[in-house]
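Chemist: Dropping in my_file_19.txt, which is compact mmCIF, C-alpha atoms:
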# COMPACT_ATOMS: atom_id res chain seq x y z
CA MET A 19 7.40 -8.15 -24.80
CA GLN A 20 4.60 -10.71 -25.15
CA VAL A 21 1.91 -10.85 -22.46
CA GLU A 22 -0.88 -13.37 -22.00
CA ILE A 23 -3.71 -11.72 -20.09
CA THR A 24 -7.28 -12.94 -19.65
CA VAL A 25 -9.45 -9.86 -20.01
CA ASN A 26 -13.10 -10.24 -19.07
CA GLY A 27 -12.81 -13.99 -19.48
CA GLN A 28 -11.17 -13.82 -22.93
CA PRO A 29 -7.55 -15.01 -23.12
CA ARG A 30 -5.42 -12.58 -25.13
CA SER A 31 -1.83 -12.45 -26.29
CA ASP A 32 -0.37 -9.04 -27.07
CA ASP A 33 3.03 -7.63 -27.94
CA ILE A 34 3.50 -4.57 -25.71
CA GLU A 35 6.13 -2.17 -24.49
CA PRO A 36 7.16 -2.95 -20.88
CA ARG A 37 6.26 0.62 -19.87
CA LEU A 38 2.63 0.27 -21.02
CA LEU A 39 0.32 0.91 -18.07
CA LEU A 40 -2.55 -1.50 -17.52
CA VAL A 41 -5.14 1.25 -18.01
CA HIS A 42 -3.68 2.14 -21.42
CA TYR A 43 -3.48 -1.54 -22.33
CA LEU A 44 -7.19 -1.92 -21.54
CA ARG A 45 -8.27 1.27 -23.30
CA GLU A 46 -5.98 1.32 -26.31
CA VAL A 47 -4.96 -2.28 -26.96
CA CYS A 48 -8.18 -4.01 -25.86
CA GLY A 49 -10.51 -1.14 -26.81
CA LEU A 50 -12.23 -1.25 -23.42
CA ARG A 51 -12.99 2.32 -22.39
CA ALA A 52 -14.78 1.82 -19.05
CA ALA A 53 -11.67 2.32 -16.94
CA ASN A 54 -11.00 6.05 -17.08
CA VAL A 55 -7.75 7.93 -16.60
CA GLY A 56 -8.68 10.53 -14.01
CA CYS A 57 -5.92 11.84 -11.79
CA ASP A 58 -3.25 9.47 -13.18
CA THR A 59 -1.63 9.54 -9.70
CA THR A 60 -3.22 6.59 -7.81
CA SER A 61 -5.62 8.92 -6.03
CA CYS A 62 -9.03 9.13 -7.73
CA GLY A 63 -9.86 5.50 -8.46
CA ALA A 64 -11.52 6.15 -11.85
CA CYS A 65 -9.22 3.53 -13.39
CA THR A 66 -10.12 0.80 -10.85
CA VAL A 67 -10.35 -2.72 -12.30
CA LEU A 68 -10.08 -6.19 -10.77
CA LEU A 69 -6.73 -7.97 -11.07
CA GLY A 70 -7.03 -11.56 -9.92
CA GLY A 71 -10.33 -10.56 -8.31
CA GLU A 72 -8.85 -7.70 -6.27
CA SER A 73 -9.52 -4.03 -6.94
CA VAL A 74 -6.44 -2.17 -8.21
CA LYS A 75 -5.77 1.23 -9.75
CA SER A 76 -4.77 0.37 -13.29
CA CYS A 77 -2.90 3.67 -13.79
CA THR A 78 -0.29 2.35 -11.34
CA VAL A 79 0.06 -1.20 -12.60
CA LEU A 80 2.13 -2.22 -15.62
CA ALA A 81 0.36 -4.41 -18.14
CA ALA A 82 3.46 -6.59 -17.76
CA GLN A 83 2.55 -7.14 -14.09
CA ALA A 84 -0.80 -8.58 -15.23
CA ASN A 85 0.91 -11.18 -17.42
CA GLY A 86 -0.68 -14.58 -16.83
CA ARG A 87 -3.50 -13.13 -14.76
CA GLN A 88 -7.18 -12.27 -15.02
CA VAL A 89 -8.39 -8.70 -15.40
CA THR A 90 -12.01 -7.65 -15.14
CA THR A 91 -13.35 -4.28 -16.23
CA ALA A 92 -16.87 -2.91 -15.92
CA GLU A 93 -17.55 -4.23 -19.45
CA GLY A 94 -16.95 -7.77 -18.20
CA LEU A 95 -19.19 -7.74 -15.15
CA ALA A 96 -22.33 -8.94 -16.89
CA PRO A 97 -23.26 -10.44 -20.27
CA GLU A 98 -24.09 -7.99 -23.08
CA GLY A 99 -27.42 -6.31 -22.40
CA GLU A 100 -27.54 -7.29 -18.73
CA LEU A 101 -26.44 -5.53 -15.57
CA HIS A 102 -24.37 -6.90 -12.71
CA PRO A 103 -26.25 -6.49 -9.39
CA VAL A 104 -23.90 -3.67 -8.39
CA GLN A 105 -24.51 -1.89 -11.71
CA ALA A 106 -28.26 -2.41 -11.31
CA ALA A 107 -28.10 -0.99 -7.79
CA PHE A 108 -26.20 2.11 -9.02
CA ARG A 109 -28.99 2.69 -11.55
CA GLN A 110 -31.76 1.98 -9.05
CA GLU A 111 -30.30 4.28 -6.36
CA HIS A 112 -29.09 6.89 -8.86
CA GLY A 113 -25.50 6.45 -7.67
CA LEU A 114 -24.06 8.73 -10.32
CA GLN A 115 -24.38 12.08 -12.02
CA CYS A 116 -21.76 12.73 -14.69
CA GLY A 117 -20.68 9.09 -14.70
CA PHE A 118 -16.94 9.61 -15.00
CA CYS A 119 -16.11 7.95 -11.68
CA THR A 120 -18.80 5.29 -12.06
CA PRO A 121 -16.89 2.40 -13.71
CA GLY A 122 -14.13 2.69 -11.10
CA MET A 123 -16.65 3.13 -8.30
CA VAL A 124 -18.57 0.02 -9.44
CA MET A 125 -15.39 -2.06 -9.69
CA ALA A 126 -14.22 -0.91 -6.25
CA ALA A 127 -17.67 -1.83 -4.89
CA VAL A 128 -17.57 -5.27 -6.54
CA GLY A 129 -14.11 -5.82 -5.03
CA LEU A 130 -15.30 -4.66 -1.62
CA LEU A 131 -18.33 -6.97 -1.66
CA SER A 132 -16.19 -9.94 -2.69
CA GLU A 133 -14.13 -9.40 0.48
CA ASN A 134 -17.00 -8.34 2.72
CA PRO A 135 -20.40 -9.41 1.35
CA HIS A 136 -22.36 -7.69 4.12
CA PRO A 137 -20.63 -4.41 4.94
CA THR A 138 -21.98 -1.78 7.30
CA GLU A 139 -22.46 1.73 5.96
CA ALA A 140 -19.19 2.77 7.61
CA GLU A 141 -17.39 -0.15 5.96
CA VAL A 142 -18.79 0.85 2.57
CA ARG A 143 -17.58 4.42 3.05
CA GLU A 144 -14.13 3.23 4.12
CA GLY A 145 -14.08 0.60 1.39
CA LEU A 146 -14.65 3.28 -1.24
CA GLU A 147 -12.15 5.74 0.23
CA GLY A 148 -9.91 5.27 -2.80
CA ASN A 149 -12.56 6.52 -5.23
CA PHE A 150 -13.47 10.15 -5.75
CA CYS A 151 -16.83 11.37 -7.00
CA ARG A 152 -17.00 15.11 -7.59
CA CYS A 153 -20.77 15.21 -8.28
CA THR A 154 -22.99 13.34 -5.88
CA GLY A 155 -21.48 13.67 -2.45
CA TYR A 156 -21.38 9.86 -2.15
CA HIS A 157 -24.73 9.31 -0.38
CA ASN A 158 -26.43 7.59 -3.30
CA ILE A 159 -23.29 5.63 -4.13
CA VAL A 160 -23.16 4.25 -0.59
CA ARG A 161 -26.88 3.50 -0.78
CA ALA A 162 -26.33 1.62 -4.03
CA VAL A 163 -23.55 -0.54 -2.59
CA LEU A 164 -25.64 -1.33 0.48
CA ALA A 165 -28.58 -2.21 -1.77
CA ALA A 166 -26.39 -4.51 -3.87
CA ALA A 167 -25.11 -6.17 -0.70
CA SER A 168 -28.61 -6.76 0.65
CA SER A 169 -29.64 -8.24 -2.71
CA GLY A 170 -27.15 -10.95 -1.75
CA ASN A 171 -25.45 -11.45 -5.09
CA GLY A 172 -23.13 -8.53 -5.48
CA THR A 173 -20.07 -10.67 -5.07
CA ALA A 174 -17.41 -11.40 -7.65
CA THR A 175 -16.98 -15.01 -8.62
CA GLU A 176 -13.39 -14.83 -9.82
CA GLU A 177 -10.31 -16.50 -8.45
CA ARG A 178 -8.75 -14.57 -5.62
CA THR A 179 -5.15 -14.70 -4.54
CA GLU A 180 -4.85 -15.36 -0.83
CA VAL A 181 -1.56 -14.58 0.86
CA GLY A 182 -0.39 -14.38 4.42
CA ALA A 183 -1.84 -16.08 7.45
CA MET B 25 2.00 10.22 -17.70
CA ILE B 26 4.20 7.53 -19.21
CA PRO B 27 7.43 6.20 -17.67
CA ALA B 28 10.67 6.38 -19.64
CA PRO B 29 11.47 3.13 -21.48
CA PHE B 30 13.03 0.25 -19.54
CA ASP B 31 13.70 -3.45 -19.84
CA TYR B 32 11.39 -5.69 -17.82
CA VAL B 33 12.22 -9.11 -16.47
CA ALA B 34 10.02 -11.16 -14.17
CA ALA B 35 12.42 -12.92 -11.81
CA GLU B 36 11.81 -16.64 -11.39
CA SER B 37 13.33 -16.82 -7.90
CA THR B 38 15.20 -14.59 -5.47
CA THR B 39 18.43 -16.18 -6.71
CA HIS B 40 17.46 -15.20 -10.26
CA ALA B 41 16.58 -11.68 -9.05
CA LEU B 42 20.02 -11.32 -7.42
CA ASP B 43 21.70 -12.52 -10.64
CA LEU B 44 19.69 -9.99 -12.62
CA LEU B 45 20.57 -7.21 -10.15
CA ASP B 46 24.23 -7.99 -10.67
CA SER B 47 24.03 -8.21 -14.44
CA PHE B 48 21.89 -5.08 -14.94
CA GLY B 49 23.92 -3.04 -12.45
CA GLU B 50 22.94 -0.02 -10.39
CA ASP B 51 20.52 1.49 -12.90
CA ALA B 52 18.11 -1.42 -12.42
CA LYS B 53 15.34 -1.36 -9.83
CA LEU B 54 13.39 -4.09 -8.10
CA LEU B 55 9.65 -3.95 -8.69
CA ALA B 56 7.13 -5.52 -6.32
CA GLY B 57 3.74 -3.78 -6.09
CA GLY B 58 5.18 -0.71 -7.76
CA HIS B 59 3.08 1.68 -5.72
CA SER B 60 6.03 3.86 -4.75
CA LEU B 61 8.26 3.24 -7.77
CA LEU B 62 5.76 3.53 -10.65
CA PRO B 63 4.43 6.95 -9.54
CA MET B 64 8.06 8.17 -9.36
CA MET B 65 8.72 6.75 -12.84
CA LYS B 66 5.57 8.32 -14.27
CA LEU B 67 6.73 11.69 -12.94
CA ARG B 68 10.20 10.89 -14.37
CA LEU B 69 11.68 11.36 -10.92
CA ALA B 70 13.05 7.86 -11.44
CA ALA B 71 14.12 6.36 -14.75
CA PRO B 72 15.63 2.93 -14.12
CA THR B 73 16.97 1.21 -17.22
CA ALA B 74 15.54 -2.14 -16.10
CA LEU B 75 12.84 -3.40 -13.74
CA ILE B 76 13.27 -6.78 -12.07
CA ASP B 77 9.82 -7.93 -11.01
CA ILE B 78 9.89 -9.81 -7.70
CA GLY B 79 6.23 -9.12 -6.90
CA ARG B 80 5.02 -12.64 -7.52
CA LEU B 81 7.84 -14.67 -5.97
CA THR B 82 6.02 -16.87 -3.49
CA GLU B 83 9.20 -17.22 -1.42
CA LEU B 84 8.91 -13.46 -0.69
CA ILE B 85 5.20 -13.54 0.19
CA GLY B 86 3.63 -14.71 3.43
CA ILE B 87 3.62 -14.34 7.19
CA ARG B 88 4.91 -16.81 9.76
CA ALA B 89 5.99 -16.99 13.37
CA ASP B 90 9.65 -17.75 14.05
CA GLY B 91 10.27 -18.08 17.78
CA ASP B 92 9.66 -14.69 19.38
CA GLU B 93 9.46 -12.90 16.03
CA LEU B 94 6.99 -12.59 13.17
CA VAL B 95 8.57 -12.91 9.74
CA ILE B 96 6.79 -11.12 6.92
CA GLY B 97 7.91 -11.71 3.34
CA ALA B 98 9.00 -8.47 1.69
CA ALA B 99 6.51 -8.77 -1.18
CA THR B 100 3.53 -9.31 1.13
CA PRO B 101 0.90 -6.68 0.33
CA HIS B 102 -0.37 -4.27 2.99
CA ALA B 103 -3.88 -5.78 2.78
CA ALA B 104 -2.51 -9.21 3.77
CA VAL B 105 -0.51 -7.75 6.68
CA ALA B 106 -3.55 -5.80 7.88
CA ALA B 107 -5.84 -8.84 7.66
CA SER B 108 -3.44 -11.42 9.10
CA GLY B 109 -4.70 -12.99 12.33
CA LEU B 110 -1.10 -13.64 13.34
CA VAL B 111 -0.08 -9.99 12.88
CA ARG B 112 -3.24 -8.68 14.52
CA ALA B 113 -2.61 -10.87 17.57
CA ASP B 114 1.17 -10.58 17.93
CA ALA B 115 2.02 -7.19 16.40
CA PRO B 116 -1.25 -5.24 16.33
CA LEU B 117 0.55 -1.93 15.79
CA LEU B 118 1.92 -3.31 12.50
CA ALA B 119 -1.50 -4.55 11.36
CA HIS B 120 -3.00 -1.15 12.18
CA SER B 121 -0.18 0.66 10.40
CA ALA B 122 -0.61 -1.44 7.24
CA ALA B 123 -4.33 -0.65 7.29
CA GLN B 124 -3.55 3.12 7.30
CA VAL B 125 -1.63 3.03 4.01
CA GLY B 126 -3.53 4.71 1.18
CA ASP B 127 -6.80 3.01 0.29
CA PRO B 128 -7.97 -0.57 -0.41
CA GLN B 129 -6.71 -0.62 -4.01
CA ILE B 130 -3.29 0.65 -2.91
CA ARG B 131 -3.17 -1.89 -0.07
CA HIS B 132 -3.87 -4.71 -2.54
CA ARG B 133 -0.72 -3.83 -4.50
CA GLY B 134 1.71 -2.01 -2.21
CA THR B 135 4.09 -4.24 -0.26
CA ILE B 136 5.78 -3.99 3.12
CA GLY B 137 9.27 -4.38 1.65
CA GLY B 138 8.58 -1.82 -1.04
CA SER B 139 7.36 0.75 1.45
CA LEU B 140 10.43 0.23 3.66
CA ALA B 141 12.85 0.36 0.72
CA HIS B 142 11.21 3.56 -0.52
CA ALA B 143 11.89 5.01 2.96
CA ASP B 144 9.53 7.96 2.85
CA PRO B 145 9.89 9.54 6.33
CA ALA B 146 6.17 10.45 6.24
CA ALA B 147 5.01 6.91 5.50
CA ASP B 148 3.29 4.52 7.91
CA LEU B 149 5.38 1.36 7.78
CA PRO B 150 8.82 2.90 8.34
CA MET B 151 7.49 4.57 11.50
CA ALA B 152 5.84 1.33 12.61
CA LEU B 153 9.02 -0.69 12.11
CA VAL B 154 11.04 1.81 14.15
CA ALA B 155 8.41 1.86 16.92
CA LEU B 156 8.35 -1.94 17.06
CA GLY B 157 12.13 -2.26 17.04
CA GLY B 158 11.89 -4.56 14.03
CA ARG B 159 14.54 -5.43 11.50
CA VAL B 160 14.92 -6.33 7.85
CA ASP B 161 16.70 -9.37 6.41
CA LEU B 162 18.75 -8.36 3.37
CA LEU B 163 19.85 -10.84 0.75
CA SER B 164 22.71 -10.54 -1.74
CA GLN B 165 25.07 -12.81 -3.68
CA GLY B 166 27.36 -12.51 -0.67
CA GLY B 167 24.80 -13.93 1.77
CA THR B 168 22.31 -12.44 4.21
CA ARG B 169 22.48 -9.78 6.87
CA SER B 170 19.92 -8.43 9.29
CA VAL B 171 19.65 -4.68 9.90
CA THR B 172 17.70 -3.06 12.73
CA ALA B 173 15.06 -0.47 11.90
CA ASP B 174 17.15 2.21 13.62
CA GLU B 175 20.08 1.45 11.30
CA PHE B 176 18.11 0.77 8.14
CA PHE B 177 16.88 4.31 7.49
CA THR B 178 19.91 6.47 6.75
CA GLY B 179 18.50 9.60 5.11
CA PHE B 180 15.70 11.19 3.11
CA PHE B 181 14.44 8.29 0.95
CA GLU B 182 17.75 6.54 1.71
CA THR B 183 18.43 3.20 3.36
CA SER B 184 21.41 1.00 4.14
CA LEU B 185 20.50 -1.29 1.21
CA GLU B 186 23.65 -1.86 -0.84
CA PRO B 187 23.72 -2.30 -4.62
CA GLY B 188 22.91 -5.93 -5.38
CA GLU B 189 20.87 -6.39 -2.18
CA LEU B 190 17.17 -7.00 -1.79
CA ILE B 191 14.88 -7.08 1.22
CA ALA B 192 13.86 -10.70 1.74
CA SER B 193 11.75 -10.30 4.85
CA VAL B 194 10.79 -8.06 7.72
CA ARG B 195 10.98 -9.19 11.35
CA VAL B 196 9.06 -7.73 14.27
CA PRO B 197 8.93 -8.91 17.87
CA ARG B 198 5.86 -10.89 18.91
CA GLN B 199 4.20 -8.88 21.65
CA PRO B 200 0.69 -10.24 22.18
CA GLY B 201 -1.35 -8.18 24.59
CA LEU B 202 1.15 -5.34 24.73
CA ALA B 203 -0.45 -1.88 24.70
CA TRP B 204 0.30 0.34 21.71
CA GLY B 205 -0.70 3.78 20.39
CA TYR B 206 -0.76 5.12 16.84
CA GLN B 207 -1.48 8.67 15.77
CA LYS B 208 -1.33 10.20 12.32
CA PHE B 209 -2.21 13.79 11.55
CA VAL B 210 -3.41 14.34 7.99
CA ARG B 211 -5.34 17.04 6.15
CA ARG B 212 -6.86 14.63 3.63
CA ALA B 213 -8.08 11.05 4.03
CA ASN B 214 -5.53 8.47 2.82
CA ASP B 215 -2.65 10.94 2.95
CA TRP B 216 0.87 10.67 4.24
CA ALA B 217 1.32 11.92 7.79
CA ILE B 218 2.04 15.61 8.29
CA VAL B 219 3.38 14.20 11.55
CA GLY B 220 2.87 10.73 12.99
CA ALA B 221 3.64 9.11 16.34
CA ALA B 222 3.64 5.43 17.28
CA ALA B 223 4.32 4.06 20.76
CA VAL B 224 4.77 0.52 22.06
CA ASN B 225 6.81 -1.13 24.78
CA GLY B 226 8.54 2.06 25.89
CA ARG B 227 9.58 3.00 22.35
CA ILE B 228 8.21 6.05 20.54
CA ALA B 229 8.69 6.64 16.80
CA LEU B 230 7.86 9.79 14.86
CA ALA B 231 7.00 10.17 11.17
CA ASN B 232 7.90 13.24 9.11
CA MET B 233 9.90 14.94 11.88
CA GLY B 234 13.19 14.64 9.98
CA PRO B 235 14.75 12.94 6.98
CA THR B 236 14.05 9.47 8.42
CA PRO B 237 11.52 8.04 10.85
CA LEU B 238 12.92 8.99 14.26
CA ARG B 239 12.92 7.75 17.83
CA ALA B 240 11.67 10.31 20.37
CA ARG B 241 14.52 9.33 22.64
CA ALA B 242 14.18 12.08 25.25
CA ALA B 243 10.53 11.15 25.72
CA GLU B 244 11.40 7.44 25.90
CA GLN B 245 14.04 8.12 28.56
CA ALA B 246 11.58 10.20 30.58
CA LEU B 247 9.04 7.38 30.45
CA ALA B 248 11.67 4.87 31.51
CA GLY B 249 12.51 7.17 34.42
CA GLY B 250 8.93 7.19 35.61
CA ALA B 251 7.61 10.36 34.00
CA SER B 252 3.92 10.59 33.19
CA ALA B 253 2.70 10.37 29.59
CA ALA B 254 2.10 14.13 29.62
CA GLU B 255 5.58 14.89 30.94
CA ALA B 256 7.25 12.53 28.49
CA ALA B 257 5.26 13.83 25.53
CA GLU B 258 6.49 17.37 26.22
CA LEU B 259 9.95 16.08 25.23
CA ALA B 260 8.82 14.36 22.01
CA ALA B 261 10.25 16.99 19.65
CA GLU B 262 13.60 17.33 21.48
CA GLY B 263 16.48 17.30 19.03
CA THR B 264 14.30 17.15 15.90
CA GLU B 265 14.82 19.38 12.87
CA PRO B 266 11.65 18.76 10.85
CA GLY B 267 11.26 20.16 7.36
CA GLU B 268 8.76 22.85 6.40
CA ASP B 269 6.15 22.67 3.65
CA VAL B 270 2.73 23.97 2.71
CA HIS B 271 1.14 21.93 5.51
CA ALA B 272 3.30 22.86 8.47
CA ASN B 273 6.29 24.93 9.51
CA ARG B 274 8.93 23.64 11.91
CA ASP B 275 7.33 24.90 15.12
CA TYR B 276 3.94 23.50 14.17
CA ARG B 277 5.46 20.09 13.41
CA ARG B 278 7.15 20.10 16.81
CA HIS B 279 3.84 21.02 18.41
CA LEU B 280 2.16 18.15 16.54
CA ALA B 281 4.88 15.71 17.65
CA ARG B 282 4.20 16.60 21.30
CA VAL B 283 0.41 16.43 20.94
CA LEU B 284 0.40 13.20 18.92
CA THR B 285 2.89 11.53 21.26
CA ARG B 286 0.68 12.51 24.18
CA ARG B 287 -2.35 11.02 22.40
CA ALA B 288 -0.45 7.87 21.44
CA LEU B 289 0.63 7.38 25.06
CA ASP B 290 -2.80 8.30 26.45
CA HIS B 291 -4.63 5.95 24.11
CA LEU B 292 -2.55 2.83 24.40
CA THR B 293 -4.79 0.00 23.29
Show how you would write the structure in this file as structure tokens.
Modeler:
Amino acid sequence: MQVEITVNGQPRSDDIEPRLLLVHYLREVCGLRAANVGCDTTSCGACTVLLGGESVKSCTVLAAQANGRQVTTAEGLAPEGELHPVQAAFRQEHGLQCGFCTPGMVMAAVGLLSENPHPTEAEVREGLEGNFCRCTGYHNIVRAVLAAASSGNGTATEERTEVGA
Amino acid sequence: MIPAPFDYVAAESTTHALDLLDSFGEDAKLLAGGHSLLPMMKLRLAAPTALIDIGRLTELIGIRADGDELVIGAATPHAAVAASGLVRADAPLLAHSAAQVGDPQIRHRGTIGGSLAHADPAADLPMALVALGGRVDLLSQGGTRSVTADEFFTGFFETSLEPGELIASVRVPRQPGLAWGYQKFVRRANDWAIVGAAAVNGRIALANMGPTPLRARAAEQALAGGASAAEAAELAAEGTEPGEDVHANRDYRRHLARVLTRRALDHLT
């Protein structure tokens, strides 16, 4: 089937199998390797990307479900050679060790800050509950997200889909 | 893990989705957020020949008041239910329940109708719907019918949905200001309940105490007869035959049902 997906601001048109998962579409069709396949069971969050501005686990979304929508990966957060404020805060606060969880953690944090630009520490911890880090014990990650929030420009600028009342 | 091959069609309307259900037949599945179905397909526990995507049908998304009920479109994601001012005011137990599902990413995708159709007895929303005495509106080529929560869940991952039917919306009574309690015992954050208990308006529902979400009817009757929360909670596991797994054997689950019911009744908010 043909899908039209805007990936990191670039409109694309690709012929894919309906069963292709979004994470494999991003990694293998688009060549974007930031989103990692970790647990592959919607648990670890390493594959987190933004779909229509909302954080999702791309191992549990079909590329077909992203047809006509915008997807943002860690590669698309900032222009080449620059860092998004959340990425800069992760570097500043040393919010990583091995780095495997980092792209998903950063995307979950960007999604969180777009919904809640000034979270408390507890809200950051709850907001990242869908992302596992097996190295750092989370303290520096939480510090990084709080630092990005206090810098005041950690928010995503994409369209968001509002539903409900 | 890759699902088995299938045909994919994005439905253009619920009418179109019902046509597709009829033409594809019983091996087709409806897809909304896919957060119950896709994991099953990746594990090859499910291998539908076709997916009919209803996840972006605006007629199935949204929350509104209808007289003394709230009507929630079946494809409304958990995050929207949890954040809705209307749900938080008029059915706070439901908003709380939706906020307990998985994690933020899962709540952005998973939908209320999908969770109910999946009918996991350990899940949050089936228990909440039973506690609230809600119902689901089912749509088919033959028309619509409304099924109460007590009748909807018929067995382990089984519902009264017929072939060719879809859940259009979920209805819960508007109960602003009514006290409610919600307890969920888990070993890991974000997990399904080992046992859950939800109480509101004299009704008590239990999660993972049998093949479906259950009413703790003996405890409800005791409460109605004037028993204290502690006395009623002692009866919470009456008549249940919970399963056993690595987390809990039958006696422990019954113990949890009594303790969690007591806590739900003690901490009505």
Chemist: Would you mind listing, for every residue of chain A within 9 Å of chain B, the two atoms forming the shortest contact and the distance between them in Å to one decimal, using all atoms listed in the file, sorted by chain and ascending residue number, as a Markdown table?
Modeler:
| residue | atom | partner | partner_atom | distance |
| --- | --- | --- | --- | --- |
| A:Met19 | CA | B:Tyr32 | CA | 8.4 |
| A:Glu35 | CA | B:Pro29 | CA | 8.1 |
| A:Pro36 | CA | B:Tyr32 | CA | 5.9 |
| A:Arg37 | CA | B:Pro29 | CA | 6.0 |
| A:Leu38 | CA | B:Ile26 | CA | 7.6 |
| A:Leu39 | CA | B:Ile26 | CA | 7.8 |
| A:Asp58 | CA | B:Met25 | CA | 7.0 |
| A:Thr59 | CA | B:Pro63 | CA | 6.6 |
| A:Thr60 | CA | B:Ile130 | CA | 7.7 |
| A:Ser61 | CA | B:Gly126 | CA | 8.6 |
| A:Gly63 | CA | B:Gln129 | CA | 8.2 |
| A:Thr66 | CA | B:Gln129 | CA | 7.8 |
| A:Glu72 | CA | B:His132 | CA | 6.9 |
| A:Ser73 | CA | B:Gln129 | CA | 5.3 |
| A:Val74 | CA | B:Gln129 | CA | 4.5 |
| A:Lys75 | CA | B:Gln129 | CA | 6.1 |
| A:Thr78 | CA | B:Leu62 | CA | 6.2 |
| A:Val79 | CA | B:Gly58 | CA | 7.1 |
| A:Leu80 | CA | B:Leu62 | CA | 8.4 |
| A:Ala82 | CA | B:Tyr32 | CA | 8.0 |
| A:Gln83 | CA | B:Asp77 | CA | 7.9 |
| A:Ala126 | CA | B:Gln129 | CA | 7.8 |
| A:Leu130 | CA | B:Pro128 | CA | 8.5 |
| A:Glu144 | CA | B:Asp127 | CA | 8.3 |
| A:Gly145 | CA | B:Pro128 | CA | 6.5 |
| A:Leu146 | CA | B:Pro128 | CA | 7.8 |
| A:Glu147 | CA | B:Asp127 | CA | 6.0 |
| A:Gly148 | CA | B:Asp127 | CA | 4.9 |
| A:Asn149 | CA | B:Asp127 | CA | 8.7 |
| A:Glu180 | CA | B:Ala104 | CA | 8.0 |
| A:Val181 | CA | B:Gly86 | CA | 5.8 |
| A:Gly182 | CA | B:Gly86 | CA | 4.2 |
| A:Ala183 | CA | B:Ser108 | CA | 5.2 |
Chemist: Those same residues, written as a compact mmCIF listing (two decimals), in the frame of the given file with C-alpha atoms?
Modeler:
# COMPACT_ATOMS: atom_id res chain seq x y z
CA MET A 19 7.40 -8.15 -24.80
CA GLU A 35 6.13 -2.17 -24.49
CA PRO A 36 7.16 -2.95 -20.88
CA ARG A 37 6.26 0.62 -19.87
CA LEU A 38 2.63 0.27 -21.02
CA LEU A 39 0.32 0.91 -18.07
CA ASP A 58 -3.25 9.47 -13.18
CA THR A 59 -1.63 9.54 -9.70
CA THR A 60 -3.22 6.59 -7.81
CA SER A 61 -5.62 8.92 -6.03
CA GLY A 63 -9.86 5.50 -8.46
CA THR A 66 -10.12 0.80 -10.85
CA GLU A 72 -8.85 -7.70 -6.27
CA SER A 73 -9.52 -4.03 -6.94
CA VAL A 74 -6.44 -2.17 -8.21
CA LYS A 75 -5.77 1.23 -9.75
CA THR A 78 -0.29 2.35 -11.34
CA VAL A 79 0.06 -1.20 -12.60
CA LEU A 80 2.13 -2.22 -15.62
CA ALA A 82 3.46 -6.59 -17.76
CA GLN A 83 2.55 -7.14 -14.09
CA ALA A 126 -14.22 -0.91 -6.25
CA LEU A 130 -15.30 -4.66 -1.62
CA GLU A 144 -14.13 3.23 4.12
CA GLY A 145 -14.08 0.60 1.39
CA LEU A 146 -14.65 3.28 -1.24
CA GLU A 147 -12.15 5.74 0.23
CA GLY A 148 -9.91 5.27 -2.80
CA ASN A 149 -12.56 6.52 -5.23
CA GLU A 180 -4.85 -15.36 -0.83
CA VAL A 181 -1.56 -14.58 0.86
CA GLY A 182 -0.39 -14.38 4.42
CA ALA A 183 -1.84 -16.08 7.45
Chemist: Between B:Thr38, B:Gln207, B:Ser252, B:Asn232, single out the one closest to Ser121 of chain B, counting all atoms listed in the file.
Modeler: B:Gln207
Chemist: Grab all the atoms of segment 57-71 of chain A that the file lists, wrap them in a box along x, y and z, add 8 Å per side, and give me centre plus edge lengths in Å (one decimal) as JSON.
Modeler:
{"center_x": -6.6, "center_y": 0.1, "center_z": -9.7, "size_x": 25.9, "size_y": 39.4, "size_z": 23.4}
Chemist: Taking 2 positions as the minimum chain separation for residues in the same chain, which residues sit within 9 Å of Ala173 of chain B when counting all atoms listed in the file? Answer as a list in words.
Modeler: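 Non-adjacent residues within range: Pro150, Leu153, Val154, Ala155, Leu156, Gly157, Gly158, Arg159, Val160, Val171, Glu175, Phe176 and Phe177 of chain B.
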Chemist: What separation in Å, quoted to one decimal, exists between atom CA of Glu265 of chain B and atom CA of Gln245 of chain B?
Modeler: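 Straight-line distance from atom CA of Glu265 of chain B to atom CA of Gln245 of chain B works out to 19.3 Å.
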Chemist: Provide the atom CA of Gln110 of chain A to atom CA of Arg161 of chain A distance in Å, to one decimal place.
Modeler: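 So the two atoms, atom CA of Gln110 of chain A and atom CA of Arg161 of chain A, lie 9.7 Å apart.
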Chemist: Go ahead and compute the interatomic distance for atom CA of His136 of chain A and atom CA of Val210 of chain B, in Å to one decimal.
Modeler: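 Taking atom CA of His136 of chain A and atom CA of Val210 of chain B, their separation equals 29.3 Å.
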Chemist: So, counting only C-alpha atoms, which residue among B:Leu190, B:Ala147, B:Val125, B:Leu84 is closest to Leu44 of chain B?
Modeler: B:Leu190
Chemist: From (12.6, 23.6, 14.0), in the file's coordinates, out to 10 Å: which residues are reached, counting only C-alpha atoms? Answer as a list in words.
Modeler: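 Looking at atoms near the point gives Met233, Gly234, Ala261, Glu262, Gly263, Thr264, Glu265, Pro266, Gly267, Glu268, Asn273, Arg274, Asp275, Tyr276, Arg277 and Arg278 of chain B.
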Chemist: Considering all atoms listed in the file, return as a VMD selection string whatever protein or nucleic-acid residues lie within 8 Å of Leu81 of chain B, sequence-local ones (same chain, fewer than 5 positions apart) excluded.
Modeler: chain B and resid 35 to 38 99
Chemist: Selection from above, C-alpha atoms, as a PDB file, keeping the file's coordinate frame, can you write it?
Modeler:
ATOM      1  CA  ALA B  35      12.420 -12.920 -11.810  1.00  0.00           C
ATOM      2  CA  GLU B  36      11.810 -16.640 -11.390  1.00  0.00           C
ATOM      3  CA  SER B  37      13.330 -16.820  -7.900  1.00  0.00           C
ATOM      4  CA  THR B  38      15.200 -14.590  -5.470  1.00  0.00           C
ATOM      5  CA  ALA B  99       6.510  -8.770  -1.180  1.00  0.00           C
TER       6      ALA B  99
END
